[in-house]
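Colleague: Submitted below is the structure of interest, expressed as structure tokens.
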Amino acid sequence: MTVLRVANWNVYDREADARRIVDFVRTADADAVALQELTPAHLEALRQDGGYHIAEAEDFADGDTTSYLALLTREPAGDVRRVTHNTAGALSPSLVGRFMRWRECLQSLSLNVRVGDATVRVVNLHLTCATPPVRRVRELGALDSHLVPGPLVVCGDFNSFARPRLNPLIGWAFGFGWRDYRADDLAQVAEFAARHGLTSVFESAVTLPRLGLALDHMLVRDLSCRAREIVRDRRGSDHRPLIADLVL
């Protein structure tokens, strides 16, 4: 039996202590680690720690500061791909986006991981927060070049917070059109997964406990889950890490 251990975590870009990220990577002991909202200091600490090969891509810009996505692998990765979503680097289209000066979902990232004699494609993404739900649907639709045939893991922060009961309270600030008020982000993630033959490892698990939201997901194809963990120790982040042992 061949097992691939995958971890996913939005580390929170405003946390200054890079040691907590290095500690998490060591503790998770995963074959592939997907991280979002890494600062340059976080990346440098991971490089200095060693032990993993690191591929990175631009995540989002908060004012003049850029954060990064990263995929960490024990062995050298193959076929690293970056897809640019926000080609103009435009501010997120809402009152929140303009006020915060967020330029979101700049790129997504994927690569091949060797597991025994097999190859697994791992995708890391961070969808736009300060936007109507329809934009997140378009961002998912732009992932096609990552979604190659065969075993596949798609993970990251999907910002899947839109719900019919919540939308009337937040829609004015997030630029909703009238159709967006009926949107359900979790249903849209499920539709994306079904379209590409993916299944959810963590279903609707709460990963942003402060607001009780399921924002982070791990979707898989041609893999089964032997064990999974929603890590309670957030190490200073507002998101809970996810770790899964996946069997080919």
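Note on naming: chains are A, B, ... as they come in the structure tokens, residues start from 1 per chain, ligands start from 1 in the order shown.
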If we count only C-alpha atoms, what is near Asp238 (chain A) at a cut-off of 12 Å, once residues fewer than 6 positions away on the same chain are taken out, given as a PyMOL selection string?

Modeller: chain A and resi 9-15+37+157+206-213+215-216+232

Colleague: Give me, as a ChimeraX atom specification, the residues of region 130-189 of chain A that a backbone DSSP run labels strand (DSSP E or B).

Modeller: /A:152-157

Colleague: Give the answer as one residue: which of A:Asp233, A:Asp245, A:Asp184, A:Asp31 has the shortest atom-to-atom distance to Pro133 (chain A), using only C-alpha atoms?

Modeller: A:Asp184

Colleague: For a test of reading the model, state the distance in Å between CA of Ala190 (chain A) and CA of Ala142 (chain A), rounded to one decimal.

Modeller: 16.2 Å

Colleague: Distance CA of Asp185 (chain A)-CA of Arg163 (chain A), one decimal place?

Modeller: 6.7 Å

Colleague: So which residues touch Asp64 (chain A) within 10 Å, counting only C-alpha atoms, skipping near sequence neighbours fewer than 2 positions away, as a list in words?

Modeller: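 Those residues are Ala61, Asp62, Thr66, Arg101, Trp102 and Arg103 of chain A.
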
Colleague: I want to know what sits within 12 Å of Asp49 (chain A), based on only C-alpha atoms, with residues of the same chain fewer than 4 positions away left out; could you give that as a list in words?

Modeller: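 Here the answer would be Ala18, Arg19, Ile21, Val22, Asp23, Val25, Arg26, His42, Leu43, Glu44, Ala45, His53 and Ile54 of chain A.
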
Colleague: Between CA of Ala244 (chain A) and CA of Pro40 (chain A), measure the distance and give it in Å to one decimal.

Modeller: 26.9 Å

Colleague: Excluding Gly116 (chain A) and residues on its chain fewer than 4 positions from it, collect all residues at most 12 Å away from it, counting only C-alpha atoms, and give them as a list in words.

Modeller: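 The filter keeps Met1, Thr2, Val3, Leu4, Asp31, Glu75, Val120, Val247 and Leu248 of chain A.
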
Colleague: Find the spatial neighbours of Ser110 (chain A), counting only C-alpha atoms, within a cut-off of 9 Å - ignore same-chain residues fewer than 6 positions away - and output them as a list in words.

Modeller: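 Close residues of Ser110 (chain A): Ala55, Leu71, Asp79, Val80, Arg81, Arg82, Val83, Arg121, Val122, Val123, Asn124, Leu125, His146, Leu147 and Val154 of chain A.
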
Colleague: Could you dump the residues just selected with N, CA and C atoms as an mmCIF file, in the first residue's frame?

Modeller:
data_model
loop_
_atom_site.group_PDB
_atom_site.id
_atom_site.type_symbol
_atom_site.label_atom_id
_atom_site.label_comp_id
_atom_site.auth_asym_id
_atom_site.auth_seq_id
_atom_site.Cartn_x
_atom_site.Cartn_y
_atom_site.Cartn_z
ATOM 1 N N ALA A 55 8.470 25.098 -3.939
ATOM 2 C CA ALA A 55 8.003 25.843 -5.113
ATOM 3 C C ALA A 55 7.048 26.913 -4.615
ATOM 4 N N LEU A 71 4.369 25.090 -2.184
ATOM 5 C CA LEU A 71 4.240 23.644 -2.100
ATOM 6 C C LEU A 71 5.596 23.084 -1.714
ATOM 7 N N ASP A 79 7.245 19.170 -13.208
ATOM 8 C CA ASP A 79 6.209 19.906 -13.934
ATOM 9 C C ASP A 79 5.523 20.959 -13.067
ATOM 10 N N VAL A 80 6.303 21.883 -12.526
ATOM 11 C CA VAL A 80 5.743 22.954 -11.704
ATOM 12 C C VAL A 80 5.010 23.950 -12.602
ATOM 13 N N ARG A 81 3.766 24.247 -12.248
ATOM 14 C CA ARG A 81 2.958 25.165 -13.053
ATOM 15 C C ARG A 81 2.386 26.268 -12.169
ATOM 16 N N ARG A 82 2.350 27.466 -12.732
ATOM 17 C CA ARG A 82 1.712 28.615 -12.085
ATOM 18 C C ARG A 82 0.694 29.194 -13.057
ATOM 19 N N VAL A 83 -0.513 29.408 -12.566
ATOM 20 C CA VAL A 83 -1.566 30.035 -13.368
ATOM 21 C C VAL A 83 -1.847 31.405 -12.777
ATOM 22 N N ARG A 121 -0.598 14.630 -8.829
ATOM 23 C CA ARG A 121 -0.607 16.080 -9.048
ATOM 24 C C ARG A 121 -1.185 16.757 -7.805
ATOM 25 N N VAL A 122 -0.476 17.752 -7.274
ATOM 26 C CA VAL A 122 -0.944 18.499 -6.106
ATOM 27 C C VAL A 122 -1.110 19.964 -6.497
ATOM 28 N N VAL A 123 -2.284 20.520 -6.194
ATOM 29 C CA VAL A 123 -2.620 21.901 -6.539
ATOM 30 C C VAL A 123 -2.834 22.696 -5.255
ATOM 31 N N ASN A 124 -2.295 23.903 -5.207
ATOM 32 C CA ASN A 124 -2.452 24.803 -4.073
ATOM 33 C C ASN A 124 -3.091 26.099 -4.569
ATOM 34 N N LEU A 125 -4.160 26.540 -3.898
ATOM 35 C CA LEU A 125 -4.864 27.742 -4.342
ATOM 36 C C LEU A 125 -5.357 28.543 -3.144
ATOM 37 N N HIS A 146 -4.018 22.914 -14.431
ATOM 38 C CA HIS A 146 -3.480 22.158 -13.306
ATOM 39 C C HIS A 146 -4.061 20.742 -13.231
ATOM 40 N N LEU A 147 -5.277 20.567 -13.727
ATOM 41 C CA LEU A 147 -6.060 19.360 -13.448
ATOM 42 C C LEU A 147 -5.788 18.276 -14.490
ATOM 43 N N VAL A 154 -6.363 18.651 -4.782
ATOM 44 C CA VAL A 154 -6.581 20.092 -4.890
ATOM 45 C C VAL A 154 -6.864 20.603 -3.487
#

Colleague: Which residues are close to Ser67 (chain A), i.e. within 6 Å by only C-alpha atoms, leaving aside same-chain residues fewer than 2 positions away? Reply as a list in words.

Modeller: Glu37, Leu38, Thr39, Asp59 and Phe60 of chain A

Colleague: Store the residues picked out above, limited to N, CA and C atoms, as a PDB file, in the first residue's frame.

Modeller:
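File produced: selection-v2.pdb:
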ATOM      1  N   GLU A  37      -0.509  32.360   2.282  1.00  0.00           N
ATOM      2  CA  GLU A  37      -0.227  33.611   2.995  1.00  0.00           C
ATOM      3  C   GLU A  37       1.163  33.650   3.624  1.00  0.00           C
ATOM      4  N   LEU A  38       2.126  33.076   2.970  1.00  0.00           N
ATOM      5  CA  LEU A  38       3.500  33.134   3.459  1.00  0.00           C
ATOM      6  C   LEU A  38       4.129  34.486   3.132  1.00  0.00           C
ATOM      7  N   THR A  39       4.817  35.060   4.094  1.00  0.00           N
ATOM      8  CA  THR A  39       5.592  36.273   3.847  1.00  0.00           C
ATOM      9  C   THR A  39       6.991  35.874   3.369  1.00  0.00           C
ATOM     10  N   ASP A  59       0.553  34.869  -3.977  1.00  0.00           N
ATOM     11  CA  ASP A  59      -0.765  34.610  -3.400  1.00  0.00           C
ATOM     12  C   ASP A  59      -1.634  35.862  -3.513  1.00  0.00           C
ATOM     13  N   PHE A  60      -1.376  36.850  -2.675  1.00  0.00           N
ATOM     14  CA  PHE A  60      -2.127  38.101  -2.745  1.00  0.00           C
ATOM     15  C   PHE A  60      -1.264  39.244  -2.239  1.00  0.00           C
TER      16      PHE A  60
END

Colleague: Just list the residues in region 20-216 of chain A DSSP gives alpha helix (DSSP H) on the backbone, as a PyMOL selection string.

Modeller: chain A and resi 20-28+40-49+95-100+133-141+167-170+185-195

Colleague: Between A:Ala77, A:Ala30, A:Leu106, A:Leu72, single out the one closest to Glu58 (chain A), counting only C-alpha atoms.

Modeller: A:Leu106

Colleague: Compare A:Gln188, A:Thr27, A:Ser204, A:Thr73 by their minimum atom-to-atom distance to Val113 (chain A), counting only C-alpha atoms, and give me the closest one.

Modeller: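 Closest to Val113 (chain A) of all the choices is A:Thr73.
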